[in-house]
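**Q** Just protein_13.txt, nothing more (compact mmCIF, N, CA and C atoms):
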# COMPACT_ATOMS: atom_id res chain seq x y z
N MET A 15 -22.58 26.03 31.57
CA MET A 15 -23.29 27.21 31.12
C MET A 15 -24.32 26.75 30.11
N ALA A 16 -25.56 26.96 30.42
CA ALA A 16 -26.64 26.51 29.55
C ALA A 16 -26.73 27.37 28.30
N SER A 17 -27.03 26.70 27.22
CA SER A 17 -27.21 27.39 25.96
C SER A 17 -28.66 27.85 25.86
N ILE A 18 -28.86 29.09 25.53
CA ILE A 18 -30.21 29.64 25.41
C ILE A 18 -30.55 29.74 23.93
N LYS A 19 -31.60 29.07 23.53
CA LYS A 19 -32.06 29.14 22.15
C LYS A 19 -33.30 30.03 22.10
N ARG A 20 -33.20 31.09 21.39
CA ARG A 20 -34.30 32.04 21.28
C ARG A 20 -35.19 31.69 20.10
N VAL A 21 -36.49 31.70 20.34
CA VAL A 21 -37.45 31.49 19.26
C VAL A 21 -37.33 32.66 18.31
N GLY A 22 -37.26 32.38 17.03
CA GLY A 22 -37.14 33.44 16.03
C GLY A 22 -35.70 33.76 15.69
N SER A 23 -34.75 33.21 16.42
CA SER A 23 -33.33 33.43 16.12
C SER A 23 -32.85 32.32 15.21
N THR A 24 -31.90 32.65 14.37
CA THR A 24 -31.35 31.65 13.47
C THR A 24 -30.35 30.77 14.22
N THR A 25 -30.03 29.65 13.61
CA THR A 25 -29.02 28.76 14.18
C THR A 25 -27.70 29.50 14.34
N LEU A 26 -27.35 30.32 13.34
CA LEU A 26 -26.11 31.09 13.40
C LEU A 26 -26.13 32.09 14.56
N GLN A 27 -27.25 32.77 14.74
CA GLN A 27 -27.36 33.71 15.86
C GLN A 27 -27.24 33.00 17.20
N ASN A 28 -27.88 31.85 17.33
CA ASN A 28 -27.78 31.09 18.57
C ASN A 28 -26.36 30.60 18.81
N ARG A 29 -25.70 30.12 17.76
CA ARG A 29 -24.32 29.64 17.89
C ARG A 29 -23.40 30.78 18.33
N ASN A 30 -23.54 31.93 17.71
CA ASN A 30 -22.68 33.06 18.07
C ASN A 30 -23.01 33.61 19.45
N ALA A 31 -24.26 33.55 19.86
CA ALA A 31 -24.62 33.95 21.23
C ALA A 31 -23.90 33.06 22.23
N ASP A 32 -23.82 31.77 21.94
CA ASP A 32 -23.09 30.85 22.82
C ASP A 32 -21.60 31.19 22.86
N LEU A 33 -21.02 31.49 21.70
CA LEU A 33 -19.60 31.85 21.65
C LEU A 33 -19.33 33.12 22.45
N PHE A 34 -20.14 34.15 22.23
CA PHE A 34 -19.91 35.42 22.92
C PHE A 34 -20.16 35.29 24.43
N LYS A 35 -21.13 34.47 24.79
CA LYS A 35 -21.39 34.24 26.21
C LYS A 35 -20.17 33.57 26.86
N ALA A 36 -19.59 32.59 26.18
CA ALA A 36 -18.40 31.91 26.71
C ALA A 36 -17.22 32.86 26.81
N LEU A 37 -17.13 33.81 25.91
CA LEU A 37 -16.02 34.77 25.92
C LEU A 37 -16.26 35.93 26.88
N GLY A 38 -17.44 36.00 27.45
CA GLY A 38 -17.84 37.17 28.24
C GLY A 38 -17.42 37.16 29.70
N HIS A 39 -16.21 36.73 29.98
CA HIS A 39 -15.71 36.78 31.35
C HIS A 39 -14.21 37.08 31.31
N PRO A 40 -13.73 37.99 32.15
CA PRO A 40 -12.30 38.37 32.11
C PRO A 40 -11.35 37.19 32.30
N THR A 41 -11.70 36.24 33.15
CA THR A 41 -10.82 35.09 33.36
C THR A 41 -10.74 34.23 32.10
N ARG A 42 -11.85 34.06 31.42
CA ARG A 42 -11.83 33.26 30.19
C ARG A 42 -11.05 33.98 29.09
N LEU A 43 -11.15 35.30 29.06
CA LEU A 43 -10.34 36.05 28.09
C LEU A 43 -8.86 35.95 28.43
N ALA A 44 -8.53 35.92 29.72
CA ALA A 44 -7.13 35.75 30.12
C ALA A 44 -6.62 34.37 29.70
N ILE A 45 -7.47 33.37 29.80
CA ILE A 45 -7.09 32.02 29.35
C ILE A 45 -6.83 32.04 27.85
N ILE A 46 -7.71 32.69 27.09
CA ILE A 46 -7.52 32.81 25.63
C ILE A 46 -6.20 33.51 25.34
N ASP A 47 -5.90 34.58 26.07
CA ASP A 47 -4.63 35.28 25.88
C ASP A 47 -3.44 34.35 26.11
N LYS A 48 -3.51 33.54 27.15
CA LYS A 48 -2.41 32.61 27.46
C LYS A 48 -2.25 31.57 26.35
N LEU A 49 -3.35 31.17 25.75
CA LEU A 49 -3.30 30.12 24.72
C LEU A 49 -3.05 30.67 23.32
N SER A 50 -2.97 31.97 23.19
CA SER A 50 -2.91 32.57 21.85
C SER A 50 -1.62 32.25 21.09
N THR A 51 -0.55 31.94 21.78
CA THR A 51 0.71 31.68 21.08
C THR A 51 1.12 30.22 21.09
N ASN A 52 0.57 29.44 22.02
CA ASN A 52 1.00 28.05 22.12
C ASN A 52 0.03 27.27 23.00
N GLN A 53 0.02 25.96 22.84
CA GLN A 53 -0.78 25.17 23.77
C GLN A 53 -0.07 25.14 25.12
N ILE A 54 -0.85 25.17 26.18
CA ILE A 54 -0.29 25.29 27.53
C ILE A 54 -0.99 24.28 28.44
N SER A 55 -0.25 23.78 29.41
CA SER A 55 -0.83 22.84 30.36
C SER A 55 -1.77 23.55 31.32
N CYS A 56 -2.71 22.80 31.81
CA CYS A 56 -3.66 23.32 32.80
C CYS A 56 -2.91 23.84 34.02
N LYS A 57 -1.90 23.11 34.43
CA LYS A 57 -1.10 23.48 35.61
C LYS A 57 -0.43 24.85 35.41
N LEU A 58 0.12 25.08 34.23
CA LEU A 58 0.80 26.35 33.95
C LEU A 58 -0.20 27.51 33.88
N ILE A 59 -1.35 27.27 33.27
CA ILE A 59 -2.39 28.32 33.23
C ILE A 59 -2.78 28.70 34.65
N GLN A 60 -2.98 27.71 35.49
CA GLN A 60 -3.37 27.95 36.88
C GLN A 60 -2.31 28.77 37.61
N LEU A 61 -1.06 28.42 37.42
CA LEU A 61 0.03 29.16 38.08
C LEU A 61 0.13 30.59 37.58
N GLU A 62 0.01 30.77 36.28
CA GLU A 62 0.15 32.12 35.71
C GLU A 62 -1.03 33.02 36.06
N LEU A 63 -2.23 32.46 36.11
CA LEU A 63 -3.41 33.28 36.42
C LEU A 63 -3.67 33.39 37.92
N LYS A 64 -2.98 32.56 38.70
CA LYS A 64 -3.13 32.58 40.16
C LYS A 64 -4.59 32.40 40.58
N ILE A 65 -5.21 31.35 40.07
CA ILE A 65 -6.59 31.04 40.42
C ILE A 65 -6.67 29.60 40.91
N ALA A 66 -7.72 29.31 41.65
CA ALA A 66 -7.92 27.97 42.18
C ALA A 66 -8.14 26.98 41.04
N LYS A 67 -7.73 25.75 41.27
CA LYS A 67 -7.89 24.71 40.26
C LYS A 67 -9.36 24.52 39.87
N SER A 68 -10.25 24.57 40.85
CA SER A 68 -11.68 24.40 40.57
C SER A 68 -12.23 25.55 39.73
N THR A 69 -11.75 26.76 39.99
CA THR A 69 -12.17 27.93 39.20
C THR A 69 -11.70 27.79 37.77
N LEU A 70 -10.44 27.42 37.60
CA LEU A 70 -9.89 27.23 36.25
C LEU A 70 -10.65 26.13 35.53
N SER A 71 -10.91 25.05 36.22
CA SER A 71 -11.62 23.93 35.62
C SER A 71 -12.98 24.35 35.07
N ARG A 72 -13.69 25.15 35.83
CA ARG A 72 -15.02 25.63 35.39
C ARG A 72 -14.90 26.50 34.14
N HIS A 73 -13.95 27.43 34.13
CA HIS A 73 -13.77 28.31 32.98
C HIS A 73 -13.31 27.53 31.74
N ILE A 74 -12.42 26.57 31.95
CA ILE A 74 -11.95 25.72 30.85
C ILE A 74 -13.12 24.94 30.27
N GLN A 75 -13.98 24.40 31.14
CA GLN A 75 -15.13 23.62 30.68
C GLN A 75 -16.08 24.47 29.83
N ILE A 76 -16.30 25.70 30.23
CA ILE A 76 -17.18 26.60 29.48
C ILE A 76 -16.59 26.88 28.09
N LEU A 77 -15.30 27.17 28.04
CA LEU A 77 -14.63 27.42 26.75
C LEU A 77 -14.64 26.17 25.88
N TYR A 78 -14.42 25.02 26.49
CA TYR A 78 -14.42 23.76 25.75
C TYR A 78 -15.82 23.45 25.21
N ASP A 79 -16.84 23.58 26.05
CA ASP A 79 -18.22 23.30 25.63
C ASP A 79 -18.66 24.20 24.47
N ALA A 80 -18.13 25.41 24.44
CA ALA A 80 -18.46 26.35 23.35
C ALA A 80 -17.64 26.07 22.10
N GLY A 81 -16.68 25.16 22.19
CA GLY A 81 -15.84 24.83 21.04
C GLY A 81 -14.70 25.80 20.82
N ILE A 82 -14.44 26.66 21.78
CA ILE A 82 -13.40 27.68 21.64
C ILE A 82 -12.01 27.10 21.87
N ILE A 83 -11.92 26.11 22.74
CA ILE A 83 -10.63 25.47 22.98
C ILE A 83 -10.77 23.96 22.84
N GLY A 84 -9.64 23.32 22.62
CA GLY A 84 -9.56 21.87 22.60
C GLY A 84 -8.41 21.46 23.49
N TYR A 85 -8.15 20.17 23.55
CA TYR A 85 -7.04 19.73 24.40
C TYR A 85 -6.38 18.47 23.85
N ASP A 86 -5.14 18.28 24.25
CA ASP A 86 -4.36 17.07 24.00
C ASP A 86 -3.94 16.53 25.35
N LYS A 87 -4.06 15.23 25.51
CA LYS A 87 -3.60 14.61 26.75
C LYS A 87 -2.28 13.92 26.44
N ILE A 88 -1.22 14.38 27.09
CA ILE A 88 0.11 13.81 26.90
C ILE A 88 0.58 13.29 28.24
N VAL A 89 0.74 11.97 28.31
CA VAL A 89 1.08 11.26 29.54
C VAL A 89 0.05 11.63 30.61
N ASN A 90 0.45 12.31 31.67
CA ASN A 90 -0.48 12.67 32.75
C ASN A 90 -0.84 14.15 32.74
N GLU A 91 -0.54 14.83 31.67
CA GLU A 91 -0.77 16.28 31.61
C GLU A 91 -1.73 16.61 30.47
N THR A 92 -2.61 17.56 30.71
CA THR A 92 -3.55 18.02 29.69
C THR A 92 -3.09 19.38 29.19
N TYR A 93 -2.96 19.49 27.87
CA TYR A 93 -2.54 20.73 27.23
C TYR A 93 -3.72 21.28 26.43
N TYR A 94 -4.01 22.56 26.63
CA TYR A 94 -5.12 23.21 25.95
C TYR A 94 -4.62 24.08 24.81
N PHE A 95 -5.46 24.23 23.80
CA PHE A 95 -5.13 25.07 22.65
C PHE A 95 -6.40 25.74 22.14
N ILE A 96 -6.24 26.82 21.42
CA ILE A 96 -7.36 27.56 20.84
C ILE A 96 -7.83 26.86 19.57
N ASN A 97 -9.14 26.82 19.40
CA ASN A 97 -9.73 26.38 18.14
C ASN A 97 -9.91 27.65 17.30
N PRO A 98 -9.01 27.91 16.35
CA PRO A 98 -9.07 29.18 15.61
C PRO A 98 -10.35 29.32 14.79
N PHE A 99 -10.98 28.22 14.44
CA PHE A 99 -12.21 28.29 13.64
C PHE A 99 -13.35 28.91 14.44
N ALA A 100 -13.42 28.60 15.73
CA ALA A 100 -14.48 29.16 16.57
C ALA A 100 -14.31 30.66 16.74
N LEU A 101 -13.07 31.10 16.98
CA LEU A 101 -12.83 32.54 17.14
C LEU A 101 -13.04 33.27 15.83
N SER A 102 -12.66 32.65 14.72
CA SER A 102 -12.90 33.26 13.40
C SER A 102 -14.39 33.38 13.13
N GLU A 103 -15.14 32.37 13.54
CA GLU A 103 -16.59 32.38 13.36
C GLU A 103 -17.20 33.58 14.09
N ALA A 104 -16.77 33.81 15.32
CA ALA A 104 -17.28 34.94 16.10
C ALA A 104 -16.88 36.27 15.47
N ALA A 105 -15.62 36.38 15.05
CA ALA A 105 -15.13 37.62 14.43
C ALA A 105 -15.86 37.88 13.11
N ASN A 106 -16.03 36.85 12.31
CA ASN A 106 -16.71 37.01 11.02
C ASN A 106 -18.15 37.45 11.19
N TYR A 107 -18.79 36.97 12.24
CA TYR A 107 -20.18 37.33 12.50
C TYR A 107 -20.33 38.84 12.71
N LEU A 108 -19.31 39.47 13.28
CA LEU A 108 -19.37 40.91 13.57
C LEU A 108 -18.95 41.79 12.39
N GLU A 109 -18.29 41.21 11.40
CA GLU A 109 -17.77 42.01 10.29
C GLU A 109 -18.87 42.78 9.54
N GLU A 110 -19.97 42.12 9.24
CA GLU A 110 -21.04 42.76 8.47
C GLU A 110 -21.65 43.95 9.21
N PRO A 111 -22.08 43.81 10.48
CA PRO A 111 -22.63 44.98 11.17
C PRO A 111 -21.61 46.11 11.34
N ILE A 112 -20.34 45.76 11.52
CA ILE A 112 -19.31 46.79 11.63
C ILE A 112 -19.19 47.54 10.32
N ARG A 113 -19.11 46.80 9.22
CA ARG A 113 -18.97 47.43 7.90
C ARG A 113 -20.18 48.30 7.60
N LEU A 114 -21.38 47.80 7.86
CA LEU A 114 -22.59 48.57 7.58
C LEU A 114 -22.68 49.82 8.44
N SER A 115 -22.28 49.73 9.70
CA SER A 115 -22.36 50.91 10.57
C SER A 115 -21.32 51.96 10.18
N GLU A 116 -20.19 51.53 9.64
CA GLU A 116 -19.17 52.49 9.20
C GLU A 116 -19.64 53.27 7.98
N ASP A 117 -20.54 52.67 7.20
CA ASP A 117 -21.06 53.33 6.01
C ASP A 117 -22.15 54.35 6.31
N GLN A 118 -22.66 54.35 7.54
CA GLN A 118 -23.74 55.26 7.89
C GLN A 118 -23.21 56.67 8.13
N ASN A 119 -24.07 57.64 7.87
CA ASN A 119 -23.72 59.03 8.12
C ASN A 119 -24.35 59.44 9.46
N PHE A 120 -23.52 59.67 10.46
CA PHE A 120 -24.02 59.99 11.79
C PHE A 120 -23.95 61.48 12.11
N GLU A 121 -23.69 62.32 11.11
CA GLU A 121 -23.53 63.75 11.37
C GLU A 121 -24.77 64.38 11.98
N ASP A 122 -25.95 63.97 11.54
CA ASP A 122 -27.18 64.58 12.04
C ASP A 122 -27.82 63.79 13.18
N VAL A 123 -27.17 62.75 13.62
CA VAL A 123 -27.73 61.91 14.67
C VAL A 123 -27.08 62.28 16.00
N HIS A 124 -27.90 62.43 17.00
CA HIS A 124 -27.40 62.74 18.34
C HIS A 124 -27.69 61.55 19.24
N PHE A 125 -26.66 60.82 19.53
CA PHE A 125 -26.82 59.67 20.40
C PHE A 125 -25.69 59.65 21.42
N LYS A 126 -25.90 58.94 22.48
CA LYS A 126 -24.93 58.91 23.56
C LYS A 126 -24.20 57.58 23.58
N ILE A 127 -22.89 57.68 23.77
CA ILE A 127 -22.04 56.51 23.98
C ILE A 127 -21.33 56.75 25.30
N PRO A 128 -21.30 55.76 26.18
CA PRO A 128 -20.58 55.95 27.44
C PRO A 128 -19.15 56.40 27.18
N ASP A 129 -18.66 57.33 28.00
CA ASP A 129 -17.33 57.92 27.80
C ASP A 129 -16.24 56.88 27.63
N GLY A 130 -16.25 55.84 28.43
CA GLY A 130 -15.21 54.83 28.35
C GLY A 130 -15.23 54.01 27.08
N LEU A 131 -16.31 54.10 26.31
CA LEU A 131 -16.43 53.29 25.10
C LEU A 131 -16.23 54.08 23.82
N LYS A 132 -16.08 55.39 23.91
CA LYS A 132 -15.95 56.20 22.70
C LYS A 132 -14.69 55.85 21.93
N ASN A 133 -13.57 55.90 22.56
CA ASN A 133 -12.30 55.54 21.94
C ASN A 133 -11.51 54.70 22.93
N PRO A 134 -11.91 53.43 23.09
CA PRO A 134 -11.20 52.62 24.08
C PRO A 134 -9.73 52.48 23.73
N LYS A 135 -8.90 52.60 24.73
CA LYS A 135 -7.46 52.45 24.52
C LYS A 135 -7.11 50.98 24.64
N LEU A 136 -6.43 50.47 23.64
CA LEU A 136 -6.07 49.06 23.65
C LEU A 136 -4.79 48.83 24.38
Show me the file's structure as structure tokens.
**A**
Amino acid sequence: MASIKRVGSTTLQNRNADLFKALGHPTRLAIIDKLSTNQISCKLIQLELKIAKSTLSRHIQILYDAGIIGYDKIVNETYYFINPFALSEAANYLEEPIRLSEDQNFEDVHFKIPDGLKNPKL
């Protein structure tokens, strides 16, 4: 996945764009979910997600290139783990706009939000 550097964007904005782009696929989010509690072998991720080895390999490579995951090689098995600093970096980047938007008074503003996004159920 090529990194796009925008003229006029800061290094931080470009870095976070790369992080969010890497996180922007349901399969990659499923991989993150699997790795959230423990490091897991590539073989186990593949079995649990029921995807082809080549598909998993591509998604793993994208997450790795973005710095979101790392790996340990133990004997003949590769175990992947989350890099918590990368995910914290992405979360921290959003804190300021979230805080600022919560402080705004939207009573007199009429804007549309898609129905599914108004109060998403977790």
**Q** Given the choices A:Pro40, A:Gly22, A:Gly81, A:Pro128, which gets closest to Phe99 (chain A) if the distance is worked out from only N, CA and C atoms?
**A**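 So, comparing all the options, the nearest one is A:Gly81.
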**Q** Which residue, A:Ile74, A:Ile112, A:Ala105, A:Ile96, has the smallest gap to Ser50 (chain A) when you use only N, CA and C atoms?
**A**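 When distances to Ser50 (chain A) are compared using only N, CA and C atoms, the smallest one comes from A:Ile96.
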**Q** Which value, in Å to one decimal, gives the distance between CA of Ile54 (chain A) and CA of Phe95 (chain A)?
**A**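 One can read the CA of Ile54 (chain A) to CA of Phe95 (chain A) distance as 6.9 Å.
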**Q** Name the residues of region 76-111 of chain A that come out as strand (DSSP E or B) in a backbone DSSP run; write them as a list in words.
**A**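 These are the residues in question: Ile83, Gly84, Tyr85, Asp86, Lys87, Ile88, Glu91, Thr92, Tyr93, Tyr94, Phe95 and Ile96 of chain A.
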**Q** With distances taken over only C-alpha atoms, which of A:Ala31, A:Ala36, A:Ile82, A:Leu43 is nearest to Leu101 (chain A)?
**A** A:Ile82
**Q** Let me make sure I understand: among A:Ser71, A:Ser102, A:Ala80, A:Tyr94, which one has the smallest atom-to-atom distance to Leu37 (chain A) if we use all atoms listed in the file?
**A** A:Ala80
**Q** Region 19-37 of chain A, all listed atoms, 5 Å padding on each side: what axis-aligned box centre and edge lengths in Å to one decimal come out, as JSON?
**A**
{"center_x": -26.7, "center_y": 32.3, "center_z": 20.1, "size_x": 31.4, "size_y": 17.2, "size_z": 23.5}
